[in-house]
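**Q** Structure below; questions to follow.
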Amino acid sequence: MAYQEKLMQKAIYEAQLALTEGEIPVGCIIAKAGKIVASGHNLREARQNALLHAEIVAIDQACRALGTWRLSECDLYVTLEPCPMCAGAIVQARIRTLYFGAYDPDGGAFCQGMFEIVEKQTAVFGGIREKECQQLMSEFFQAVRKDRNY
């Protein structure tokens with residue numbers, strides 16, 4: 001898993017970019033044959049668009065870079081377990097392997113078994129650099145609660 005951990009570090013970098021932009025710190029990269037072909041992070045706040053999750057941004061970029069919507073030779077690395085919308089996009093893009101960092105028991109599509117169909121088509125591995133990914137999320141939401149006096 002050392003190779004996957006290195007690529008997850010690139011996704012963590014994208015999550016850190018999201019954090020500096022006031023976004024929920026989720027980052028994503030897509031690799032083909034070990035080379036990064038796309039990267040993205042949450043842009044929902046910046047662009048006021050509910051669809052702009054890190055995975056959607058990266059999938060769109062990968063499709064443009066590779067000139068195809070079929071990403072069956074690509075692997076996706078994301079710092080947080082994908083939501084149902086992003087899991088659907090992963091299926092539609094035919095992503096070969098999904099690696100995610102932190103589990104999301106409230107909104108994740110895999111912890112609750114909501115997307116068993118993805119696991120039939122796409123290999124799924126969770127918990128890659130989980131502590132680092134979870135720490136980013138925890139720090140973000142602690143700051144939000146502090147700012148809002150929760």
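Chains: A, B, ... in order of the structure tokens. Residues: from 1 per chain. Ligands: from 1, in order shown.
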Find the residues around segment 133-150 of chain A up to 12 Å (only C-alpha atoms counted), leave out those fewer than 4 positions away in its own chain, and share them as a compact mmCIF listing (two decimals) with all heavy atoms, in the first residue's frame.

**A**
```txt
# COMPACT_ATOMS: atom_id res chain seq x y z
N GLU A 5 -0.47 5.09 -0.69
CA GLU A 5 -0.33 6.14 0.32
C GLU A 5 0.33 7.39 -0.26
O GLU A 5 -0.03 8.50 0.10
CB GLU A 5 0.44 5.62 1.52
CG GLU A 5 -0.38 4.63 2.34
CD GLU A 5 0.33 4.14 3.58
OE1 GLU A 5 1.37 4.71 3.96
OE2 GLU A 5 -0.19 3.19 4.18
N MET A 8 -2.32 9.08 -2.20
CA MET A 8 -3.28 9.69 -1.28
C MET A 8 -2.71 10.99 -0.72
O MET A 8 -3.47 11.94 -0.47
CB MET A 8 -3.66 8.74 -0.15
CG MET A 8 -4.72 9.29 0.78
SD MET A 8 -6.31 9.68 -0.02
CE MET A 8 -6.99 8.04 -0.16
N GLN A 9 -1.40 11.08 -0.57
CA GLN A 9 -0.80 12.33 -0.08
C GLN A 9 -1.10 13.47 -1.04
O GLN A 9 -1.32 14.60 -0.62
CB GLN A 9 0.71 12.17 0.10
CG GLN A 9 1.39 13.41 0.63
CD GLN A 9 0.84 13.87 1.98
OE1 GLN A 9 0.62 13.08 2.88
NE2 GLN A 9 0.60 15.17 2.11
N LYS A 10 -1.14 13.19 -2.33
CA LYS A 10 -1.50 14.22 -3.32
C LYS A 10 -2.96 14.66 -3.14
O LYS A 10 -3.27 15.84 -3.28
CB LYS A 10 -1.28 13.71 -4.74
CG LYS A 10 0.11 13.21 -5.03
CD LYS A 10 1.11 14.33 -5.08
CE LYS A 10 2.46 13.78 -5.53
NZ LYS A 10 3.49 14.79 -5.59
N ALA A 11 -3.83 13.71 -2.82
CA ALA A 11 -5.23 14.05 -2.55
C ALA A 11 -5.32 14.89 -1.27
O ALA A 11 -6.12 15.84 -1.19
CB ALA A 11 -6.08 12.79 -2.44
N ILE A 12 -4.50 14.57 -0.28
CA ILE A 12 -4.48 15.35 0.96
C ILE A 12 -4.04 16.78 0.67
O ILE A 12 -4.59 17.74 1.22
CB ILE A 12 -3.58 14.67 2.02
CG1 ILE A 12 -4.25 13.37 2.50
CG2 ILE A 12 -3.29 15.61 3.19
CD1 ILE A 12 -3.35 12.48 3.35
N TYR A 13 -3.08 16.93 -0.22
CA TYR A 13 -2.64 18.28 -0.62
C TYR A 13 -3.83 19.06 -1.21
O TYR A 13 -4.04 20.23 -0.90
CB TYR A 13 -1.50 18.19 -1.63
CG TYR A 13 -1.13 19.53 -2.22
CD1 TYR A 13 -0.40 20.46 -1.49
CD2 TYR A 13 -1.55 19.87 -3.51
CE1 TYR A 13 -0.08 21.70 -2.02
CE2 TYR A 13 -1.23 21.11 -4.04
CZ TYR A 13 -0.50 22.02 -3.30
OH TYR A 13 -0.20 23.25 -3.82
N GLU A 14 -4.62 18.40 -2.06
CA GLU A 14 -5.80 19.05 -2.63
C GLU A 14 -6.80 19.42 -1.54
O GLU A 14 -7.41 20.49 -1.59
CB GLU A 14 -6.48 18.14 -3.66
CG GLU A 14 -5.76 18.03 -4.98
CD GLU A 14 -5.80 19.33 -5.78
OE1 GLU A 14 -6.82 20.05 -5.74
OE2 GLU A 14 -4.81 19.60 -6.47
N ALA A 15 -6.95 18.56 -0.54
CA ALA A 15 -7.85 18.86 0.57
C ALA A 15 -7.36 20.08 1.35
O ALA A 15 -8.15 20.92 1.78
CB ALA A 15 -7.96 17.65 1.50
N GLN A 16 -6.05 20.20 1.50
CA GLN A 16 -5.48 21.37 2.18
C GLN A 16 -5.75 22.64 1.39
O GLN A 16 -6.01 23.69 1.97
CB GLN A 16 -3.99 21.15 2.43
CG GLN A 16 -3.73 20.08 3.46
CD GLN A 16 -2.29 19.60 3.50
OE1 GLN A 16 -1.55 19.70 2.52
NE2 GLN A 16 -1.88 19.07 4.64
N LEU A 17 -5.70 22.55 0.06
CA LEU A 17 -6.06 23.70 -0.77
C LEU A 17 -7.50 24.11 -0.53
O LEU A 17 -7.81 25.29 -0.41
CB LEU A 17 -5.85 23.38 -2.26
CG LEU A 17 -4.42 23.26 -2.76
CD1 LEU A 17 -4.43 22.85 -4.24
CD2 LEU A 17 -3.67 24.56 -2.57
N ALA A 18 -8.38 23.11 -0.46
CA ALA A 18 -9.80 23.40 -0.20
C ALA A 18 -9.94 24.12 1.14
O ALA A 18 -10.68 25.10 1.25
CB ALA A 18 -10.61 22.10 -0.20
N LEU A 19 -9.21 23.66 2.12
CA LEU A 19 -9.27 24.26 3.45
C LEU A 19 -8.85 25.73 3.42
O LEU A 19 -9.52 26.58 4.01
CB LEU A 19 -8.38 23.47 4.41
CG LEU A 19 -8.43 23.85 5.88
CD1 LEU A 19 -9.81 23.62 6.46
CD2 LEU A 19 -7.41 23.02 6.65
N THR A 20 -7.80 26.05 2.69
CA THR A 20 -7.34 27.44 2.61
C THR A 20 -8.34 28.32 1.88
O THR A 20 -8.32 29.54 2.05
CB THR A 20 -5.96 27.56 1.92
OG1 THR A 20 -6.08 27.15 0.56
CG2 THR A 20 -4.91 26.74 2.64
N GLU A 21 -9.22 27.71 1.07
CA GLU A 21 -10.23 28.45 0.34
C GLU A 21 -11.58 28.48 1.07
O GLU A 21 -12.58 28.92 0.51
CB GLU A 21 -10.40 27.85 -1.06
CG GLU A 21 -9.13 27.97 -1.90
CD GLU A 21 -9.19 27.19 -3.21
OE1 GLU A 21 -10.30 26.72 -3.59
OE2 GLU A 21 -8.14 27.06 -3.85
N GLY A 22 -11.60 27.97 2.30
CA GLY A 22 -12.83 27.98 3.08
C GLY A 22 -13.82 26.88 2.71
O GLY A 22 -14.98 26.93 3.09
N GLU A 23 -13.36 25.90 2.00
CA GLU A 23 -14.20 24.77 1.59
C GLU A 23 -14.02 23.61 2.57
O GLU A 23 -12.99 23.53 3.26
CB GLU A 23 -13.78 24.27 0.19
CG GLU A 23 -13.90 25.27 -0.91
CD GLU A 23 -15.31 25.42 -1.47
OE1 GLU A 23 -16.20 24.65 -1.08
OE2 GLU A 23 -15.50 26.33 -2.29
N ILE A 24 -14.99 22.71 2.61
CA ILE A 24 -14.80 21.48 3.38
C ILE A 24 -13.59 20.77 2.76
O ILE A 24 -13.52 20.61 1.54
CB ILE A 24 -16.06 20.60 3.33
CG1 ILE A 24 -17.21 21.31 4.05
CG2 ILE A 24 -15.80 19.23 3.95
CD1 ILE A 24 -18.54 20.60 3.97
N PRO A 25 -12.62 20.37 3.58
CA PRO A 25 -11.35 19.87 3.05
C PRO A 25 -11.40 18.45 2.50
O PRO A 25 -11.02 17.48 3.15
CB PRO A 25 -10.41 19.96 4.25
CG PRO A 25 -11.31 19.80 5.43
CD PRO A 25 -12.60 20.45 5.04
N VAL A 26 -11.90 18.35 1.29
CA VAL A 26 -11.90 17.07 0.58
C VAL A 26 -11.12 17.28 -0.71
O VAL A 26 -11.36 18.23 -1.45
CB VAL A 26 -13.33 16.58 0.26
CG1 VAL A 26 -13.29 15.27 -0.53
CG2 VAL A 26 -14.14 16.41 1.54
N GLY A 27 -10.15 16.38 -0.94
CA GLY A 27 -9.34 16.44 -2.14
C GLY A 27 -9.35 15.12 -2.87
O GLY A 27 -9.58 14.07 -2.28
N CYS A 28 -9.11 15.19 -4.17
CA CYS A 28 -9.20 14.00 -5.01
C CYS A 28 -8.17 14.08 -6.13
O CYS A 28 -7.90 15.15 -6.66
CB CYS A 28 -10.61 13.93 -5.61
SG CYS A 28 -10.93 12.50 -6.66
N TYR A 77 -8.42 8.54 -6.01
CA TYR A 77 -8.00 8.69 -4.62
C TYR A 77 -8.71 9.91 -4.05
O TYR A 77 -8.58 11.00 -4.59
CB TYR A 77 -6.49 8.89 -4.52
CG TYR A 77 -5.68 7.72 -5.00
CD1 TYR A 77 -5.50 7.49 -6.36
CD2 TYR A 77 -5.11 6.83 -4.10
CE1 TYR A 77 -4.76 6.40 -6.81
CE2 TYR A 77 -4.38 5.74 -4.54
CZ TYR A 77 -4.20 5.53 -5.89
OH TYR A 77 -3.49 4.45 -6.34
N VAL A 78 -9.43 9.73 -2.94
CA VAL A 78 -10.16 10.84 -2.34
C VAL A 78 -10.03 10.75 -0.83
O VAL A 78 -10.00 9.65 -0.26
CB VAL A 78 -11.64 10.86 -2.81
CG1 VAL A 78 -12.40 9.62 -2.36
CG2 VAL A 78 -12.33 12.13 -2.38
N THR A 79 -9.96 11.89 -0.18
CA THR A 79 -9.69 11.92 1.25
C THR A 79 -10.87 11.54 2.13
O THR A 79 -10.67 11.21 3.29
CB THR A 79 -9.18 13.32 1.67
OG1 THR A 79 -10.15 14.31 1.30
CG2 THR A 79 -7.85 13.63 1.01
N LEU A 80 -12.08 11.57 1.58
CA LEU A 80 -13.27 11.22 2.35
C LEU A 80 -14.11 10.23 1.55
O LEU A 80 -14.24 10.37 0.32
CB LEU A 80 -14.10 12.48 2.64
CG LEU A 80 -15.34 12.31 3.51
CD1 LEU A 80 -14.97 11.89 4.94
CD2 LEU A 80 -16.13 13.62 3.54
N GLU A 81 -14.67 9.27 2.23
CA GLU A 81 -15.56 8.30 1.59
C GLU A 81 -16.60 9.03 0.74
O GLU A 81 -17.26 9.95 1.22
CB GLU A 81 -16.25 7.49 2.68
CG GLU A 81 -17.26 6.51 2.18
CD GLU A 81 -18.00 5.81 3.31
OE1 GLU A 81 -17.70 6.06 4.50
OE2 GLU A 81 -18.90 5.02 2.99
N PHE A 100 -10.10 5.55 -0.64
CA PHE A 100 -10.50 6.72 0.13
C PHE A 100 -9.84 6.69 1.50
O PHE A 100 -9.43 5.66 1.99
CB PHE A 100 -12.02 6.89 0.21
CG PHE A 100 -12.77 5.83 0.98
CD1 PHE A 100 -12.95 5.96 2.35
CD2 PHE A 100 -13.35 4.75 0.33
CE1 PHE A 100 -13.66 5.02 3.06
CE2 PHE A 100 -14.07 3.81 1.02
CZ PHE A 100 -14.23 3.93 2.40
N GLY A 101 -9.75 7.89 2.09
CA GLY A 101 -9.09 8.04 3.38
C GLY A 101 -10.03 7.82 4.53
O GLY A 101 -10.17 6.71 5.05
N ALA A 102 -10.71 8.88 4.96
CA ALA A 102 -11.58 8.82 6.13
C ALA A 102 -12.95 8.24 5.76
O ALA A 102 -13.48 8.51 4.68
CB ALA A 102 -11.75 10.21 6.72
N TYR A 103 -13.49 7.47 6.67
CA TYR A 103 -14.85 6.96 6.51
C TYR A 103 -15.83 8.07 6.89
O TYR A 103 -15.54 8.90 7.74
CB TYR A 103 -15.07 5.74 7.40
CG TYR A 103 -14.34 4.51 6.91
CD1 TYR A 103 -13.02 4.30 7.25
CD2 TYR A 103 -14.98 3.59 6.09
CE1 TYR A 103 -12.33 3.18 6.79
CE2 TYR A 103 -14.30 2.46 5.62
CZ TYR A 103 -12.98 2.26 5.97
OH TYR A 103 -12.31 1.16 5.51
N ASP A 104 -16.99 8.06 6.25
CA ASP A 104 -18.04 9.03 6.54
C ASP A 104 -19.31 8.27 6.90
O ASP A 104 -20.14 7.99 6.03
CB ASP A 104 -18.27 9.94 5.34
CG ASP A 104 -19.29 11.03 5.61
OD1 ASP A 104 -19.85 11.08 6.72
OD2 ASP A 104 -19.52 11.84 4.70
N GLY A 126 -10.83 1.43 1.65
CA GLY A 126 -10.97 2.57 2.54
C GLY A 126 -9.91 2.57 3.62
O GLY A 126 -9.24 1.57 3.87
N GLY A 127 -9.76 3.72 4.26
CA GLY A 127 -8.84 3.84 5.38
C GLY A 127 -7.40 4.16 5.01
O GLY A 127 -6.52 4.01 5.84
N ILE A 128 -7.16 4.60 3.77
CA ILE A 128 -5.81 4.95 3.34
C ILE A 128 -5.45 6.31 3.95
O ILE A 128 -6.12 7.30 3.69
CB ILE A 128 -5.70 5.04 1.80
CG1 ILE A 128 -6.32 3.82 1.12
CG2 ILE A 128 -4.26 5.28 1.37
CD1 ILE A 128 -5.65 2.51 1.38
N ARG A 129 -4.43 6.33 4.80
CA ARG A 129 -4.01 7.54 5.53
C ARG A 129 -5.20 8.18 6.25
O ARG A 129 -5.39 9.39 6.26
CB ARG A 129 -3.33 8.52 4.58
CG ARG A 129 -2.04 7.92 3.99
CD ARG A 129 -1.27 8.88 3.18
NE ARG A 129 -0.47 9.71 4.08
CZ ARG A 129 0.70 10.20 3.75
NH1 ARG A 129 1.22 9.95 2.57
NH2 ARG A 129 1.35 10.96 4.60
```

**Q** Write out as a tab-separated table the residues of segment 85-145 of chain A that have any atom within 12 Å of an atom of segment 39-51 of chain A, one row each with the nearest atom pair and its distance in Å to one decimal, counting only C-alpha atoms, sorted by chain and then rising number.

**A**
```
residue	atom	partner	partner_atom	distance
A:Met85	CA	A:Leu51	CA	8.4
A:Cys86	CA	A:Leu51	CA	9.0
A:Ala89	CA	A:Leu51	CA	10.8
```

**Q** From the set A:Leu98, A:Ala65, A:Ala2, A:Ile30, which residue has the shortest atom-to-atom contact distance to Thr122 of chain A, counting only C-alpha atoms?

**A**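 Once distances to Thr122 of chain A are computed over only C-alpha atoms, the minimum belongs to A:Leu98.
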
**Q** Can you tell me how far atom CA of Ile36 of chain A sits from atom CA of Lys131 of chain A, in Å to one decimal?

**A** 23.1 Å

**Q** Need to verify the contact set: Ala38 of chain A, 6 Å, only C-alpha atoms, exclusion of same-chain residues closer than 4 positions in sequence. Can you return it as a tab-separated table (two decimals) with C-alpha atoms, in the first residue's frame?

**A**
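Dumped everything to result13.tsv:
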```
chain	number	residue	atom	x	y	z
A	29	ILE	CA	-6.77	12.84	-7.67
A	30	ILE	CA	-7.17	10.45	-10.57
A	58	ALA	CA	-11.52	15.53	-10.78
A	61	GLN	CA	-10.92	17.13	-15.50
A	62	ALA	CA	-9.83	13.54	-16.23
```

**Q** Between A:Leu71, A:Cys63, A:Ile56, A:Ala31, which has the minimum distance to Ala87 of chain A (counting only C-alpha atoms)?

**A**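 Of A:Leu71, A:Cys63, A:Ile56, A:Ala31, the one nearest Ala87 of chain A, counting only C-alpha atoms, is A:Ile56.
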
**Q** Looking only at the backbone, which of the residues in segment 22-145 of chain A does DSSP tag as alpha helix (DSSP H), as a ChimeraX atom specification?

**A** /A:44-47,54-66,84-93,116-121,130-145
